Structures are given as C-alpha cells and as structure tokens.
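**Q** Compact mmCIF, C-alpha atoms, file structure.txt:
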```
# COMPACT_ATOMS: atom_id res chain seq x y z
CA MET W 1 183.22 178.37 -1.52
CA LYS W 2 181.77 175.11 -0.28
CA GLN W 3 184.04 172.32 0.82
CA THR W 4 183.59 169.26 -1.42
CA LYS W 5 185.04 165.80 -1.87
CA LYS W 6 184.51 162.65 -3.91
CA ILE W 7 183.89 159.12 -2.71
CA THR W 8 183.94 155.97 -4.84
CA SER W 9 181.00 153.66 -5.36
CA GLU W 10 181.35 150.00 -4.46
CA GLY W 11 179.56 149.21 -7.71
CA LEU W 12 175.81 149.74 -7.81
CA ALA W 13 175.04 146.42 -9.48
CA PHE W 14 176.66 144.58 -6.59
CA PHE W 15 176.32 146.78 -3.54
CA GLU W 16 173.41 149.18 -4.06
CA GLU W 17 172.28 148.94 -0.45
CA LYS W 18 175.82 149.28 0.90
CA ASP W 19 176.34 152.43 -1.16
CA MET W 20 173.08 153.94 0.12
CA LYS W 21 174.04 153.19 3.72
CA LYS W 22 177.43 154.76 3.13
CA LEU W 23 175.78 157.94 1.83
CA ARG W 24 173.60 158.05 4.94
CA LYS W 25 176.66 157.68 7.19
CA TYR W 26 178.36 160.56 5.40
CA SER W 27 175.24 162.71 5.81
CA LEU W 28 175.28 162.02 9.55
CA GLN W 29 178.80 163.46 9.50
CA GLY W 30 177.60 166.48 7.52
CA TRP W 31 178.79 165.37 4.08
CA HIS W 32 175.85 165.38 1.66
CA VAL W 33 175.90 163.92 -1.84
CA TYR W 34 174.96 166.43 -4.58
CA ASP W 35 175.93 164.62 -7.78
CA PHE W 36 177.32 161.48 -9.36
CA SER W 37 181.00 161.44 -10.27
CA ILE W 38 182.60 159.10 -12.79
CA ARG W 39 183.36 156.43 -10.22
CA GLY W 40 181.07 157.37 -7.36
CA TYR W 41 179.56 160.42 -5.74
CA LYS W 42 180.40 164.08 -5.09
CA LEU W 43 179.78 165.30 -1.57
CA GLU W 44 179.61 168.79 -0.07
CA LYS W 45 180.05 169.83 3.54
CA GLY W 46 177.01 171.01 5.48
CA GLU W 47 175.28 170.29 8.74
CA SER W 48 174.80 166.78 10.06
CA ARG W 49 171.45 165.30 8.95
CA ASP W 50 169.78 161.91 9.28
CA TYR W 51 168.98 161.44 5.59
CA ILE W 52 168.22 158.16 3.86
CA TYR W 53 169.06 157.52 0.21
CA ASN W 54 167.59 155.49 -2.59
CA ILE W 55 168.45 154.71 -6.19
CA ASP W 56 165.88 154.13 -8.89
CA TYR W 57 166.44 152.80 -12.42
CA ARG W 58 164.00 154.03 -14.99
CA PHE W 59 163.99 155.27 -18.56
CA LEU W 60 162.35 158.71 -18.58
CA ASN W 61 162.04 161.36 -21.29
CA ASP W 62 162.22 165.00 -20.13
CA ASP W 63 158.47 165.32 -19.80
CA GLU W 64 158.15 162.11 -17.76
CA LYS W 65 161.11 163.06 -15.62
CA GLU W 66 159.44 166.28 -14.53
CA GLU W 67 156.30 164.42 -13.54
CA TYR W 68 158.20 161.65 -11.77
CA ILE W 69 160.43 164.00 -9.78
CA GLU W 70 157.38 166.01 -8.72
CA LEU W 71 155.58 162.86 -7.56
CA CYS W 72 158.60 161.83 -5.49
CA ALA W 73 158.99 165.34 -4.05
CA GLN W 74 155.34 165.32 -2.92
CA THR W 75 156.02 162.20 -0.89
CA GLY W 76 159.20 163.55 0.71
CA TRP W 77 161.87 162.25 -1.70
CA THR W 78 164.15 164.98 -3.02
CA HIS W 79 165.78 164.29 -6.38
CA ILE W 80 169.56 164.77 -6.10
CA ALA W 81 170.94 163.82 -9.49
CA SER W 82 170.41 161.58 -12.51
CA ASP W 83 172.92 159.73 -14.63
CA GLY W 84 171.16 158.26 -17.63
CA ASP W 85 168.58 155.83 -16.29
CA LEU W 86 169.95 156.13 -12.76
CA HIS W 87 168.14 158.48 -10.37
CA LEU W 88 169.33 159.28 -6.87
CA PHE W 89 166.88 160.45 -4.18
CA ARG W 90 167.15 161.60 -0.59
CA ALA W 91 164.55 161.80 2.20
CA ASN W 92 164.30 162.26 5.93
CA ARG W 93 164.41 159.06 7.92
CA GLY W 94 160.99 157.46 8.28
CA THR W 95 159.77 158.58 4.85
CA LYS W 96 157.69 155.93 3.13
CA PRO W 97 159.89 153.98 0.67
CA LEU W 98 159.97 154.62 -3.09
CA TYR W 99 158.90 151.03 -3.73
CA THR W 100 156.12 149.47 -1.67
CA ASP W 101 155.12 146.72 -4.04
CA GLN W 102 157.11 143.57 -4.80
CA GLY W 103 156.08 143.36 -8.44
CA THR W 104 157.27 146.88 -9.23
CA LYS W 105 160.54 146.26 -7.35
CA VAL W 106 161.22 143.36 -9.72
CA GLU W 107 160.50 145.75 -12.62
CA LYS W 108 163.19 148.10 -11.31
CA TYR W 109 165.93 145.51 -11.79
CA ALA W 110 164.40 144.22 -15.01
CA GLN W 111 164.63 147.75 -16.42
CA SER W 112 168.20 148.18 -15.26
CA GLY W 113 169.14 144.76 -16.65
CA ARG W 114 167.60 145.64 -20.03
CA THR W 115 169.57 148.88 -20.17
CA MET W 116 172.82 147.07 -19.34
CA SER W 117 172.12 144.30 -21.87
CA LYS W 118 171.78 146.85 -24.68
CA VAL W 119 175.44 147.78 -24.19
CA VAL W 120 176.86 144.49 -23.00
CA VAL W 121 175.32 142.05 -25.52
CA PRO W 122 176.73 143.75 -28.66
CA PHE W 123 180.04 144.24 -26.86
CA VAL W 124 180.31 140.54 -26.05
CA LEU W 125 179.25 139.59 -29.59
CA ILE W 126 182.02 141.73 -31.09
CA THR W 127 184.54 140.20 -28.69
CA VAL W 128 183.47 136.67 -29.60
CA LEU W 129 183.65 137.48 -33.34
CA LEU W 130 187.16 138.86 -32.89
CA TRP W 131 188.25 135.67 -31.15
CA ILE W 132 186.75 133.56 -33.92
CA GLY W 133 188.59 135.75 -36.44
CA GLU W 134 191.78 135.29 -34.46
CA ILE W 135 191.46 131.52 -34.54
CA PHE W 136 191.05 131.43 -38.32
CA SER W 137 193.70 134.02 -39.20
CA SER W 138 197.48 134.02 -39.14
CA GLY W 139 200.48 136.32 -39.14
CA ILE W 140 200.08 140.04 -38.53
CA VAL W 141 196.27 139.91 -38.79
CA GLU W 142 196.20 137.32 -36.05
CA SER W 143 198.43 139.43 -33.79
CA ILE W 144 196.25 142.51 -34.24
CA LEU W 145 193.01 140.59 -33.66
CA PHE W 146 194.57 138.92 -30.64
CA THR W 147 195.51 142.24 -29.05
CA ILE W 148 192.12 143.87 -29.62
CA ALA W 149 190.22 140.78 -28.52
CA THR W 150 192.27 140.53 -25.33
CA ILE W 151 191.61 144.15 -24.39
CA LEU W 152 187.88 143.80 -25.14
CA THR W 153 187.73 140.62 -23.06
CA VAL W 154 189.28 142.37 -20.08
CA ILE W 155 186.54 145.02 -20.30
CA ALA W 156 183.77 142.54 -21.12
CA LEU W 157 184.29 140.20 -18.16
CA PRO W 158 183.33 142.69 -15.39
CA LEU W 159 180.51 144.09 -17.56
CA VAL W 160 179.00 140.64 -18.03
CA TRP W 161 179.46 139.98 -14.34
CA ALA W 162 177.60 143.18 -13.39
CA THR W 163 174.76 142.43 -15.81
CA ILE W 164 174.34 138.92 -14.47
CA THR W 165 174.29 140.32 -10.93
CA ILE W 166 171.47 142.73 -11.80
CA PHE W 167 169.41 139.85 -13.20
CA LYS W 168 170.26 137.88 -10.08
CA ASN W 169 168.85 140.72 -7.95
CA LYS W 170 165.70 140.61 -10.04
CA TRP W 171 165.31 136.84 -9.78
CA LYS W 172 165.91 136.98 -6.04
CA LEU W 173 162.99 139.41 -5.63
CA ALA W 174 160.83 137.37 -7.97
CA GLY W 175 161.53 134.23 -5.92
CA ARG W 176 163.31 132.35 -8.73
CA LYS W 177 165.50 130.36 -6.34
CA GLY W 178 166.85 127.89 -8.91
CA LEU W 179 168.18 130.62 -11.18
CA VAL W 180 169.72 132.50 -8.23
CA THR W 181 171.57 129.38 -7.06
CA PHE W 182 172.73 128.63 -10.59
CA VAL W 183 174.12 132.14 -11.08
CA SER W 184 175.77 132.00 -7.65
CA ILE W 185 177.69 128.80 -8.38
CA LEU W 186 178.39 129.64 -12.05
CA PRO W 187 181.66 131.54 -11.34
CA ILE W 188 182.92 128.75 -9.08
CA LEU W 189 182.11 126.23 -11.81
CA LEU W 190 183.89 128.33 -14.46
CA PHE W 191 186.81 128.81 -12.11
CA CYS W 192 187.16 125.04 -11.64
CA VAL W 193 187.08 124.42 -15.40
CA ALA W 194 189.67 127.16 -15.98
CA ALA W 195 191.82 125.86 -13.12
CA TYR W 196 191.71 122.40 -14.67
CA VAL W 197 192.98 123.77 -17.97
CA VAL W 198 195.66 125.83 -16.22
CA PHE W 199 197.02 123.00 -14.09
CA PHE W 200 196.28 119.78 -15.93
CA VAL W 201 196.27 120.48 -19.66
CA GLU W 202 199.74 119.96 -21.09
CA LYS W 203 199.21 122.20 -24.09
CA ARG W 204 200.34 125.75 -23.39
CA GLU W 205 199.18 127.51 -26.56
CA GLY W 206 195.99 128.23 -28.41
CA THR W 207 193.06 130.59 -27.98
CA ILE W 208 190.94 128.42 -25.69
CA ILE W 209 193.90 127.81 -23.39
CA PHE W 210 194.66 131.53 -23.28
CA LEU W 211 191.02 132.38 -22.51
CA SER W 212 191.02 129.85 -19.69
CA TYR W 213 194.06 131.57 -18.19
CA MET W 214 192.27 134.91 -18.42
CA LEU W 215 189.15 133.53 -16.77
CA PHE W 216 191.20 131.83 -14.08
CA GLY W 217 193.01 135.09 -13.36
CA ALA W 218 189.88 137.26 -13.44
CA ILE W 219 187.72 135.13 -11.16
CA GLY W 220 190.63 134.20 -8.90
CA PHE W 221 191.68 137.83 -8.59
CA SER W 222 188.18 139.09 -7.75
CA TYR W 223 187.74 136.37 -5.11
CA LEU W 224 191.14 137.26 -3.68
CA ILE W 225 190.16 140.93 -3.45
CA SER W 226 186.87 140.21 -1.70
CA LEU W 227 188.67 137.87 0.69
CA VAL W 228 191.29 140.50 1.53
CA THR W 229 188.56 143.16 1.98
CA LEU W 230 186.61 140.83 4.26
CA ILE W 231 189.64 140.08 6.43
CA TYR W 232 190.58 143.76 6.51
CA GLN W 233 187.07 144.72 7.66
CA LYS W 234 187.05 142.00 10.34
CA VAL W 235 190.45 143.13 11.65
CA ARG W 236 189.43 146.77 11.62
CA LYS W 237 186.20 146.03 13.50
CA LYS W 238 188.17 144.17 16.16
CA ALA W 239 190.60 147.05 16.41
CA VAL W 240 187.70 149.46 17.07
CA TYR W 241 186.17 147.48 19.91
CA MET V 1 134.76 138.33 -21.99
CA LYS V 2 138.51 138.02 -22.32
CA LYS V 3 140.28 136.63 -19.26
CA TYR V 4 142.81 138.85 -17.52
CA GLU V 5 145.58 137.96 -15.16
CA GLN V 6 144.59 138.82 -11.60
CA LEU V 7 145.49 142.38 -10.69
CA THR V 8 147.96 143.04 -7.91
CA ASP V 9 146.57 144.82 -4.86
CA SER V 10 148.38 148.04 -5.79
CA MET V 11 146.99 147.95 -9.33
CA PHE V 12 143.52 147.32 -7.98
CA TYR V 13 143.66 150.31 -5.62
CA ILE V 14 145.04 152.61 -8.29
CA MET V 15 142.42 151.61 -10.86
CA ALA V 16 139.69 152.04 -8.25
CA ALA V 17 140.99 155.56 -7.58
CA LEU V 18 140.97 156.37 -11.28
CA THR V 19 137.21 156.09 -11.61
CA LYS V 20 137.64 159.86 -11.42
CA PRO V 21 140.44 161.77 -13.18
CA ARG V 22 143.32 162.13 -10.71
CA HIS V 23 147.06 162.79 -10.74
CA GLY V 24 149.63 160.51 -9.13
CA TYR V 25 149.81 162.18 -5.76
CA ALA V 26 146.01 162.50 -5.54
CA ILE V 27 145.73 158.74 -6.11
CA MET V 28 148.22 158.08 -3.32
CA SER V 29 146.47 160.43 -0.89
CA LEU V 30 143.07 158.95 -1.63
CA ILE V 31 144.29 155.38 -1.05
CA GLU V 32 146.01 156.37 2.15
CA GLU V 33 143.02 158.32 3.48
CA THR V 34 140.35 155.76 2.66
CA SER V 35 142.41 152.95 4.19
CA ASN V 36 143.20 155.02 7.29
CA GLY V 37 146.89 154.81 6.49
CA VAL V 38 146.96 151.00 6.36
CA VAL V 39 147.63 150.88 2.62
CA SER V 40 150.25 153.15 1.16
CA ILE V 41 151.92 153.09 -2.24
CA GLY V 42 155.39 154.54 -2.79
CA PRO V 43 156.00 156.99 -5.66
CA ALA V 44 158.24 154.61 -7.65
CA SER V 45 155.71 151.78 -7.43
CA MET V 46 152.94 154.25 -8.32
CA TYR V 47 154.77 155.52 -11.40
CA THR V 48 155.65 152.02 -12.64
CA ILE V 49 152.02 150.91 -12.32
CA ILE V 50 150.65 154.04 -14.03
CA LYS V 51 152.96 153.35 -17.00
CA LYS V 52 151.88 149.72 -17.06
CA LEU V 53 148.15 150.58 -16.99
CA LEU V 54 148.66 153.13 -19.78
CA LYS V 55 150.38 150.48 -21.90
CA GLN V 56 147.50 148.05 -21.32
CA ASP V 57 145.03 150.76 -22.35
CA TRP V 58 143.26 150.41 -19.01
CA ILE V 59 143.77 154.10 -18.22
CA TYR V 60 144.53 157.09 -20.45
CA LEU V 61 146.15 160.48 -20.12
CA TYR V 62 143.19 162.71 -19.30
CA ASP V 63 144.85 166.11 -18.92
CA ASN V 64 148.48 167.10 -19.42
CA SER V 65 148.13 170.88 -19.25
CA ASP V 66 150.21 170.78 -16.07
CA SER V 67 153.11 168.54 -17.14
CA ARG V 68 154.20 168.01 -13.54
CA ARG V 69 150.76 166.84 -12.45
CA LYS V 70 149.20 164.92 -15.32
CA THR V 71 145.83 163.40 -14.60
CA TYR V 72 144.72 159.92 -15.67
CA TYR V 73 141.33 158.32 -16.09
CA LEU V 74 139.99 154.78 -16.48
CA THR V 75 139.19 153.66 -20.06
CA ASP V 76 136.11 151.57 -20.89
CA LYS V 77 138.39 148.55 -21.15
CA GLY V 78 139.88 149.42 -17.75
CA LYS V 79 136.42 149.67 -16.27
CA GLU V 80 135.58 146.19 -17.55
CA VAL V 81 138.77 144.79 -16.05
CA LEU V 82 138.07 146.44 -12.71
CA GLU V 83 134.50 145.11 -12.66
CA ALA V 84 135.67 141.58 -13.46
CA GLU V 85 138.30 141.83 -10.73
CA LEU V 86 135.70 143.06 -8.26
CA ILE V 87 133.67 139.87 -8.79
CA VAL V 88 136.77 137.73 -8.16
CA ARG V 89 137.61 139.62 -4.98
CA LYS V 90 134.02 139.53 -3.71
CA ARG V 91 134.07 135.77 -4.14
CA MET V 92 137.33 135.59 -2.19
CA ILE V 93 135.73 137.45 0.71
CA GLU V 94 132.65 135.23 0.56
CA ILE V 95 134.80 132.12 0.87
CA ALA V 96 136.57 133.53 3.92
CA GLU V 97 133.30 134.72 5.51
CA ASN V 98 131.63 131.35 5.03
CA GLY V 99 134.68 129.56 6.37
CA LEU V 100 134.82 131.71 9.48
CA ARG V 101 131.09 131.28 10.07
CA GLU V 102 131.59 127.51 10.09
CA VAL V 103 134.37 127.88 12.65
CA GLU V 104 132.13 129.98 14.88
CA GLY V 105 129.06 127.77 14.39
```
Written as structure tokens, that's how I'd like the structure from this file.
**A**
Amino acid sequence: MKQTKKITSEGLAFFEEKDMKKLRKYSLQGWHVYDFSIRGYKLEKGESRDYIYNIDYRFLNDDEKEEYIELCAQTGWTHIASDGDLHLFRANRGTKPLYTDQGTKVEKYAQSGRTMSKVVVPFVLITVLLWIGEIFSSGIVESILFTIATILTVIALPLVWATITIFKNKWKLAGRKGLVTFVSILPILLFCVAAYVVFFVEKREGTIIFLSYMLFGAIGFSYLISLVTLIYQKVRKKAVY
Amino acid sequence: MKKYEQLTDSMFYIMAALTKPRHGYAIMSLIEETSNGVVSIGPASMYTIIKKLLKQDWIYLYDNSDSRRKTYYLTDKGKEVLEAELIVRKRMIEIAENGLREVEG
C-alpha cells in the first residue's frame, strides 16, 4: 500500500500562491498531491519530481469538464482533483501557464467571488435578521436568538473576510487601486471603532456593544496570529542559517 | 453598424483562428505556429474566452461529436466584429508607420 499523509491549506482565498509553492516543495521531496482533503490536501509518497501546481476556479458541467481537462492535458497540465468549482492541476516546470491573459485572470477571481457570494450573502442576511429579532424580543426568545446569532456570527466573520479577499485579488489584477486600498484598511478601521467601544463606552450591555466586542476579538485575534506566525518564521529562518 | 468594445489581443487571435472550424488545442497550436512561438495562449485563458465568445454569439458550437474536442466556428455576427476590429488595428499600424517614417525622414 502507498504511504500517504495530509497537509493543511493556508486558506486558498488568502494564500493561493503560497499553497501552490508548498505543494511544489513537497513534490521535490517525493510527496505528490492526489486529492483535496477537508482542510487541505492528501499526498502520496513517490519519487522526487519538479512539478508546479495551479488552481483554477470555474463552474463546469460534466460535459464541459471533460473538454476543459482535455485541453489542459494537451498543453501539459494534468488534472489532479476537483472540489466543486475548484480544479487543481500539475505540470512539469517550464510549462506555459494556465492563464496568459490579464482579462481572463480577472475573470477567474470574479467567478470564485460569485460562487462564494452565493453562500455568504444569504448567510450574512440570516445572521443580521436574527440580530434584529434579538433586539426586538425578550425573555426566552431573546436568549435563543442571541445564542444562534452569536454562533452564526462566529462562522460568518471569516467567510465574509475570505469573500472580500477574493474580490480584493480580482481588483488588484484589474488595477482598481482605490478599492484595494479601501479593503486593506477596512479591518483596521473596524478594529479602531470596536476598540473605541470596548475601552471608552461606559455601557456594558446591549447588542451593538456585544457585537463590537466580537469584532474586536476576531480582528485582534487574527492579527495576533499572523504576527506570531511572522515572528516564528523569522526566528526559524535565522535558526537555519 | 453597432459599435463594439475593442477586442483583447487574445480574443482577436482566437476569432481569427476560427475562420475555419477548430477545437481549442488546434486554435492554440495555430496561433503559436503562425507567430513563431511569440504569442501563446494558456488553456484556462483559451477556455474562458471561448465561453465568452459563445455567449456573445460571435462563435458557435460547430461539432460536438467528440465531446473532448468540440470544434467552434465564427458566426456571421462574429465575422462582422472581426472585420470591424481589423480596420481599427490597421489604422493603429498606419499611425505607427507614419510616425516612424517622420522620425526617419
């Protein structure tokens, strides 16, 4: 039986290129990806190869998929696996890229953003409605709505974040600098507003106050994690050299 | 005639290749050969543009008997668009040629 293992994805919306480089590194060590797993990729042991990897987002019905995979295969890109609209390809180093044209590259992220929005927009709407319900209800109904709304918010925040990042990728390629800057400073702005509520507003109850605390925690926590990861990587690099 | 947005280079090449029925890979090979390898279109870009041209009714599905290698062909509307684009691009070249001639002269 073949030796296999799983590795986690850094999050395709945020670190697509990093993930693809990681897969290449593993292939150099003889670990080749053969499928997606729930949180990343499944690898199997083989011989060391200098493969490059690429992800494409695209809605395809079965008939289109056959044609698309054949077209990629003819140009040296082997289809590894698909997960919904996500398609993973591998090629030998030096193979001409999947995308050669700026306009179609923008389309790639537009498509992926549309797919995400279909899930995320209704999800956020339901969450908002629950919060509104919570504000205008009382007693046991309020407690139940509060609990559900809190859980949904915890799930919704990273989803919204990922969706915004995909659109940011698209705008970056399309040269929409203003929008990219706006999206980049948006979390800092939100964090400041939330921090103000947390530290300077005397009132300690109410839905808006609670949501501010959540936002403060979520953004603060994710910044803390990226900071720790950054320091860890810097220290590790120094330790290697 | 109705005005169209200017075609991208990739769209222009692909439409020019579809003056004969061809499948995706045949279009790519033709473009690469005739440009001596200078112009090359990746499979993902190719597929996105084919879908776009189909939606615009500028090309149509000519033969799908081999589902893995469907062939496409320019529609009459597509031919009009390509001809209009050709005039625009010829004029672009003329401007550059005249400009360069002035520099030399």
**Q** Quick check: residues of chain W within 10 Å of chain V, all atoms listed in the file, returned as JSON, numbers by chain.
**A** {"W": [56, 57, 58, 63, 64, 65, 66, 67, 68, 69, 70, 71, 72, 73, 74, 75, 76, 77, 95, 96, 97, 98, 99, 100, 101, 102, 103, 104, 105, 107, 108]}
**Q** Which polymer residues have any atom within 10 Å of an atom of range 207-223 of chain W, counting only C-alpha atoms, with same-chain residues fewer than 2 positions away left out, as a ChimeraX atom specification?
**A** /W:131-132,134-135,146,150,153-154,157-158,187-188,190-199,201,203-205,225-229
**Q** Expressed in Å to a single decimal, how great is the separation between CA of Phe36 in chain W and CA of Gly94 in chain W?
**A**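 Separating CA of Phe36 in chain W from CA of Gly94 in chain W is a distance of 24.4 Å.
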**Q** Take CA of Phe15 in chain W and CA of Thr115 in chain W and report the distance between them in Å, one decimal.
**A** 18.1 Å
**Q** Rounded to one decimal, what separation in Å do you get between CA of Ala84 in chain V and CA of Glu102 in chain V?
**A**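 Interatomic distance here is 27.7 Å.
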**Q** Determine, counting all atoms listed in the file, every residue of protein, DNA or RNA that lies within 10 Å of (177.0, 164.9, 5.4) in the file coordinates, then give the result as a PyMOL selection string.
**A** chain W and resi 23-33+43-51
**Q** Please return the centre and edge lengths, in Å to one decimal, of a box with edges along x, y and z that contains all listed atoms of range 22-35 of chain V, widened by 3 Å on every side, as lines of an AutoDock Vina configuration file.
**A**
```
center_x = 145.1
center_y = 157.9
center_z = -3.3
size_x = 15.5
size_y = 15.8
size_z = 20.9
```
**Q** Hey, can you pull every residue with an atom no more than 9 Å from (144.7, 159.7, -20.5), using all atoms listed in the file, and send it as JSON, numbers by chain?
**A** {"V": [21, 54, 59, 60, 61, 62, 63, 64, 70, 71, 72, 73, 74, 75]}
**Q** Could you check which of V:Val38, V:Leu53, V:Leu7, V:Ala17 is closest to Gly78 in chain V, using only C-alpha atoms?
**A**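 Ranking V:Val38, V:Leu53, V:Leu7, V:Ala17 by distance to Gly78 in chain V, first place goes to V:Leu53.
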**Q** Find the residues near Val128 in chain W: any atom within 9 Å, counting all atoms listed in the file, skip ones fewer than 5 places away on the same chain, and give them as a VMD selection string.
**A** chain W and resid 123 133 149 153
